[in-house]
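> Once you've had a glance at the structure underneath, I'll fire off some questions.
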Amino acid sequence: MSTTPDQLLDELVGRWTRGEPLAVDELLTRAGPRSDELATLIDSFLERAPRREPSPEALAFVHTLDTPPLLRARQSRKLKLDDLVAGLVETLGLPQDARAKVRRYYQELELGQLDPAGVAVSVWVALASLLGRDARGLAGAPLPAVSAPAMYRKANFDDDLLDTIAPGLARMMTEPSVEPDQVDRLFGVSSAD
Amino acid sequence: MSELTHSSMRDARDAEDNRLLENGEIDLLLAGWYETIVGRCVAKMRGPVGEDVAQFVCERLWRELKAGRHRDGRWPFRVIVHQVIGFACRGWYEQRWSELELLEADGPTGDGFTSDVELQLTLEGFVASLPPGDGEVAGLWLLEGLESDQIAERLGKQPNAVYQARFRIVPRLREWLEG
């Protein structure tokens with residue numbers, strides 16, 4: 001016999017009065033096809049119930065709120081930066097020697113020094129699988145436009161422009177990293193410096 | 001059972017929130033609301049994405065508290081918490097929603113907010129609506145957080161009588177929540 005919403009509501013109230021974690025997601029899963037019904041009851045209950053005494057865990061969480069959200073998400077998964085980067089490189093199908101560049105860009109993203117708006121969807125998907133969270137939202141990136149057309153501009157290489165970019169091109173050509181363009185594109189970085 | 005009336009209990013909790021605000025103990029204040037925020041967001045979003053929404057709500061409230069907002073006590077902090085939860089859950093999938101300003105510097109306005117402020121549907125109100133015997137059990141259970149055996153001991157009843165009372169109370173609670 002499946003557990004009814006009334007029984008699960010009773011369980012939630014018990015957890016709440018005892019000061020235990022509510023684990024609402026677990027209760028919704030157990031409600032099965034009646035999860036909507038239970039969710040409405042739980043929402044209504046919590047809206048009307050007074051707050052609880054702060055638990056040490058909740059207080060510890062609040063004390064992390066000054067940490068950048070992506071960094072906080074990685075720390076909460078107990079992932080070292082190098083482990084996450086290795087996972088990113090593997091998930092994105094990048095060569096191993098792209099790791100240093102991925103590490104640099106990811107760290108900048110994590111610390112809010114890299115604009116998340118240009119980061120490719122595949123990176124967000126990979127990060128979501130590694131962090132177990134919506135990394136795009138954590139980084140504060142806007143949601144993708146539903147039907148935004150791709151915009152292209154015809155290149156216009158004049159001499160001045162070539163003079164401007166030539167030093168950068170020369171530096172890129174002498175850099176030892178492999179496939180920098182691919183990593184740049186994934187992180188929305190327009191130059192490899 | 002507490003001698004406080006249900007409205008004065010709510011006022012006492014609001015006053016405690018205000019005290020924490022005035023003393024700058026904003027970490028304790030937000031931590032006290034943490035489970036409510038996560039629980040409501042997961043329930044409203046119907047799943048784990050609610051944890052991301054809750055994170056946003058906590059970050060937003062934390063930023064506002066650190067900026068010294070809400071100290072004037074014009075709005076009970078609980079009202080602000082529930083308003084931000086509703087705002088975040090409704091707008092989570094909308095474009096550019098996080099750029100919208102919800103709360104103005106001198107406090108929230110709008111019809112929805114006013115109705116939230118006036119919401120008297122607290123648990124104390126539910127307990128007061130029950131017949132005396134069940135009301136006593138519900139009060140000790142919901143308001144004082146006692147387990148059934150503790151309630152039985154406190155009221156000098158058989159544990160089975162308390163279980164029976166809870167069996168009657170839960171459907172009433174459900175009706176009240178759906179009302």
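Letters for chains follow the order of the structure tokens (A, B, ...), residue numbers begin at 1 for each chain, and ligand numbers begin at 1 in the order shown.
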Can you tell me, as a list in words, what residues are no more than 9 Å from segment 157-170 of chain B when counting only C-alpha atoms, ignoring any on the same chain fewer than 2 positions away?

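The neighbour list is Asp6, Gln7, Leu9 and Asp10 of chain A; Leu130, Gly133, Asp134, Gly135, Val137, Ala138, Trp141, Ser148, Asp149, Gln150, Ile151, Ala152, Glu153, Arg154, Leu155, Arg172, Leu173, Arg174 and Glu175 of chain B.
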
> Restrict the calculation to only C-alpha atoms, then for each residue of chain A with any atom at most 7 Å from an atom of chain B give the closest atom pair and their distance in Å to one decimal, rows by chain and rising residue number, as JSON lines.


```
{"residue": "A:Asp6", "atom": "CA", "partner": "B:Val170", "partner_atom": "CA", "distance": 6.6}
{"residue": "A:Asp10", "atom": "CA", "partner": "B:Val170", "partner_atom": "CA", "distance": 6.6}
{"residue": "A:Thr17", "atom": "CA", "partner": "B:Gly145", "partner_atom": "CA", "distance": 4.3}
{"residue": "A:Arg18", "atom": "CA", "partner": "B:Gly145", "partner_atom": "CA", "distance": 6.1}
{"residue": "A:Leu22", "atom": "CA", "partner": "B:Gly39", "partner_atom": "CA", "distance": 6.7}
{"residue": "A:Val24", "atom": "CA", "partner": "B:Gly39", "partner_atom": "CA", "distance": 5.8}
{"residue": "A:Asp25", "atom": "CA", "partner": "B:Gly47", "partner_atom": "CA", "distance": 5.6}
{"residue": "A:Ala39", "atom": "CA", "partner": "B:Ala43", "partner_atom": "CA", "distance": 4.7}
{"residue": "A:Thr40", "atom": "CA", "partner": "B:Ala43", "partner_atom": "CA", "distance": 7.0}
{"residue": "A:Leu41", "atom": "CA", "partner": "B:Leu177", "partner_atom": "CA", "distance": 6.0}
{"residue": "A:Ile42", "atom": "CA", "partner": "B:Ala43", "partner_atom": "CA", "distance": 6.5}
{"residue": "A:Asp43", "atom": "CA", "partner": "B:Arg40", "partner_atom": "CA", "distance": 5.0}
{"residue": "A:Ser44", "atom": "CA", "partner": "B:Leu177", "partner_atom": "CA", "distance": 5.7}
{"residue": "A:Phe45", "atom": "CA", "partner": "B:Leu177", "partner_atom": "CA", "distance": 6.4}
{"residue": "A:Leu46", "atom": "CA", "partner": "B:Thr36", "partner_atom": "CA", "distance": 5.9}
{"residue": "A:Glu47", "atom": "CA", "partner": "B:His82", "partner_atom": "CA", "distance": 6.9}
{"residue": "A:Arg48", "atom": "CA", "partner": "B:Thr122", "partner_atom": "CA", "distance": 4.7}
{"residue": "A:Ala49", "atom": "CA", "partner": "B:Leu123", "partner_atom": "CA", "distance": 5.7}
{"residue": "A:Arg51", "atom": "CA", "partner": "B:Trp33", "partner_atom": "CA", "distance": 5.4}
{"residue": "A:Arg52", "atom": "CA", "partner": "B:Gly32", "partner_atom": "CA", "distance": 5.4}
{"residue": "A:Glu53", "atom": "CA", "partner": "B:Gly32", "partner_atom": "CA", "distance": 5.2}
{"residue": "A:Pro54", "atom": "CA", "partner": "B:Gly32", "partner_atom": "CA", "distance": 4.0}
{"residue": "A:Ala58", "atom": "CA", "partner": "B:Ala31", "partner_atom": "CA", "distance": 5.0}
{"residue": "A:Leu59", "atom": "CA", "partner": "B:Ala31", "partner_atom": "CA", "distance": 5.0}
{"residue": "A:Val62", "atom": "CA", "partner": "B:Asp27", "partner_atom": "CA", "distance": 6.1}
{"residue": "A:Leu65", "atom": "CA", "partner": "B:Glu59", "partner_atom": "CA", "distance": 6.3}
{"residue": "A:Arg133", "atom": "CA", "partner": "B:Asp52", "partner_atom": "CA", "distance": 6.9}
{"residue": "A:Asp134", "atom": "CA", "partner": "B:Asp52", "partner_atom": "CA", "distance": 6.9}
{"residue": "A:Pro142", "atom": "CA", "partner": "B:Arg96", "partner_atom": "CA", "distance": 6.5}
{"residue": "A:Leu143", "atom": "CA", "partner": "B:Gln95", "partner_atom": "CA", "distance": 6.3}
```

> If we count only C-alpha atoms, what is near Arg72 of chain A at a cut-off of 12 Å, once residues fewer than 2 positions away on the same chain are taken out, given as a PDB file with N, CA and C atoms, in the first residue's frame?


```pdb
ATOM      1  N   ALA A  60      25.978  27.341   9.472  1.00  0.00           N
ATOM      2  CA  ALA A  60      27.209  27.148   8.685  1.00  0.00           C
ATOM      3  C   ALA A  60      26.959  27.516   7.230  1.00  0.00           C
ATOM      4  N   PHE A  61      25.788  27.160   6.725  1.00  0.00           N
ATOM      5  CA  PHE A  61      25.461  27.506   5.334  1.00  0.00           C
ATOM      6  C   PHE A  61      25.429  29.023   5.157  1.00  0.00           C
ATOM      7  N   VAL A  62      24.764  29.698   6.073  1.00  0.00           N
ATOM      8  CA  VAL A  62      24.655  31.153   5.955  1.00  0.00           C
ATOM      9  C   VAL A  62      26.047  31.794   5.952  1.00  0.00           C
ATOM     10  N   HIS A  63      26.950  31.211   6.742  1.00  0.00           N
ATOM     11  CA  HIS A  63      28.300  31.784   6.805  1.00  0.00           C
ATOM     12  C   HIS A  63      29.084  31.589   5.514  1.00  0.00           C
ATOM     13  N   THR A  64      28.586  30.720   4.635  1.00  0.00           N
ATOM     14  CA  THR A  64      29.283  30.547   3.345  1.00  0.00           C
ATOM     15  C   THR A  64      28.724  31.480   2.270  1.00  0.00           C
ATOM     16  N   LEU A  65      27.706  32.249   2.615  1.00  0.00           N
ATOM     17  CA  LEU A  65      27.006  33.009   1.565  1.00  0.00           C
ATOM     18  C   LEU A  65      27.836  34.130   0.951  1.00  0.00           C
ATOM     19  N   ASP A  66      28.942  34.479   1.598  1.00  0.00           N
ATOM     20  CA  ASP A  66      29.799  35.491   0.984  1.00  0.00           C
ATOM     21  C   ASP A  66      30.763  34.863  -0.018  1.00  0.00           C
ATOM     22  N   THR A  67      30.807  33.555  -0.045  1.00  0.00           N
ATOM     23  CA  THR A  67      31.659  32.852  -1.016  1.00  0.00           C
ATOM     24  C   THR A  67      30.933  32.830  -2.354  1.00  0.00           C
ATOM     25  N   PRO A  68      31.652  33.022  -3.485  1.00  0.00           N
ATOM     26  CA  PRO A  68      30.971  32.957  -4.785  1.00  0.00           C
ATOM     27  C   PRO A  68      30.211  31.630  -4.937  1.00  0.00           C
ATOM     28  N   PRO A  69      28.988  31.685  -5.473  1.00  0.00           N
ATOM     29  CA  PRO A  69      28.116  30.505  -5.503  1.00  0.00           C
ATOM     30  C   PRO A  69      28.717  29.263  -6.179  1.00  0.00           C
ATOM     31  N   LEU A  70      29.428  29.470  -7.299  1.00  0.00           N
ATOM     32  CA  LEU A  70      30.019  28.298  -7.963  1.00  0.00           C
ATOM     33  C   LEU A  70      31.076  27.652  -7.076  1.00  0.00           C
ATOM     34  N   ARG A  74      31.044  23.829  -5.498  1.00  0.00           N
ATOM     35  CA  ARG A  74      32.144  22.852  -5.620  1.00  0.00           C
ATOM     36  C   ARG A  74      32.598  22.396  -4.240  1.00  0.00           C
ATOM     37  N   GLN A  75      32.712  23.342  -3.320  1.00  0.00           N
ATOM     38  CA  GLN A  75      33.145  22.972  -1.972  1.00  0.00           C
ATOM     39  C   GLN A  75      32.144  22.048  -1.301  1.00  0.00           C
ATOM     40  N   SER A  76      30.861  22.306  -1.553  1.00  0.00           N
ATOM     41  CA  SER A  76      29.845  21.461  -0.906  1.00  0.00           C
ATOM     42  C   SER A  76      29.900  20.032  -1.446  1.00  0.00           C
ATOM     43  N   ARG A  77      30.404  19.865  -2.679  1.00  0.00           N
ATOM     44  CA  ARG A  77      30.581  18.511  -3.242  1.00  0.00           C
ATOM     45  C   ARG A  77      31.947  17.930  -2.883  1.00  0.00           C
ATOM     46  N   LYS A  78      32.719  18.710  -2.096  1.00  0.00           N
ATOM     47  CA  LYS A  78      34.062  18.294  -1.689  1.00  0.00           C
ATOM     48  C   LYS A  78      34.939  17.952  -2.900  1.00  0.00           C
ATOM     49  N   LEU A  79      34.776  18.757  -3.936  1.00  0.00           N
ATOM     50  CA  LEU A  79      35.569  18.562  -5.156  1.00  0.00           C
ATOM     51  C   LEU A  79      36.733  19.541  -5.158  1.00  0.00           C
ATOM     52  N   LYS A  80      37.932  19.015  -5.375  1.00  0.00           N
ATOM     53  CA  LYS A  80      39.074  19.911  -5.554  1.00  0.00           C
ATOM     54  C   LYS A  80      38.992  20.518  -6.942  1.00  0.00           C
ATOM     55  N   LEU A  81      39.618  21.695  -7.071  1.00  0.00           N
ATOM     56  CA  LEU A  81      39.578  22.378  -8.365  1.00  0.00           C
ATOM     57  C   LEU A  81      40.118  21.468  -9.471  1.00  0.00           C
ATOM     58  N   GLU A 110      34.528  30.849 -11.763  1.00  0.00           N
ATOM     59  CA  GLU A 110      34.128  30.557 -10.382  1.00  0.00           C
ATOM     60  C   GLU A 110      34.239  31.800  -9.494  1.00  0.00           C
ATOM     61  N   LEU A 111      35.233  32.612  -9.753  1.00  0.00           N
ATOM     62  CA  LEU A 111      35.471  33.794  -8.916  1.00  0.00           C
ATOM     63  C   LEU A 111      34.784  35.044  -9.451  1.00  0.00           C
ATOM     64  N   LEU A 131      28.622  19.218 -10.610  1.00  0.00           N
ATOM     65  CA  LEU A 131      28.278  19.898  -9.360  1.00  0.00           C
ATOM     66  C   LEU A 131      26.922  19.470  -8.804  1.00  0.00           C
ATOM     67  N   ARG A 133      24.227  20.748  -9.675  1.00  0.00           N
ATOM     68  CA  ARG A 133      23.456  21.980  -9.538  1.00  0.00           C
ATOM     69  C   ARG A 133      23.390  22.678 -10.887  1.00  0.00           C
ATOM     70  N   ALA A 135      24.618  25.127 -12.766  1.00  0.00           N
ATOM     71  CA  ALA A 135      25.787  25.998 -12.659  1.00  0.00           C
ATOM     72  C   ALA A 135      25.542  27.342 -13.319  1.00  0.00           C
ATOM     73  N   LEU A 138      23.921  29.525 -10.854  1.00  0.00           N
ATOM     74  CA  LEU A 138      24.849  29.880  -9.783  1.00  0.00           C
ATOM     75  C   LEU A 138      25.821  30.963 -10.226  1.00  0.00           C
ATOM     76  N   ALA A 139      26.227  30.890 -11.497  1.00  0.00           N
ATOM     77  CA  ALA A 139      27.200  31.858 -11.993  1.00  0.00           C
ATOM     78  C   ALA A 139      26.534  33.180 -12.377  1.00  0.00           C
TER      79      ALA A 139
ATOM     80  N   GLN B  55      18.715  28.637  -2.852  1.00  0.00           N
ATOM     81  CA  GLN B  55      20.037  29.255  -2.763  1.00  0.00           C
ATOM     82  C   GLN B  55      19.958  30.723  -3.192  1.00  0.00           C
ATOM     83  N   GLU B  59      20.696  33.956  -0.907  1.00  0.00           N
ATOM     84  CA  GLU B  59      21.705  34.943  -1.320  1.00  0.00           C
ATOM     85  C   GLU B  59      21.104  36.344  -1.366  1.00  0.00           C
TER      86      GLU B  59
END
```
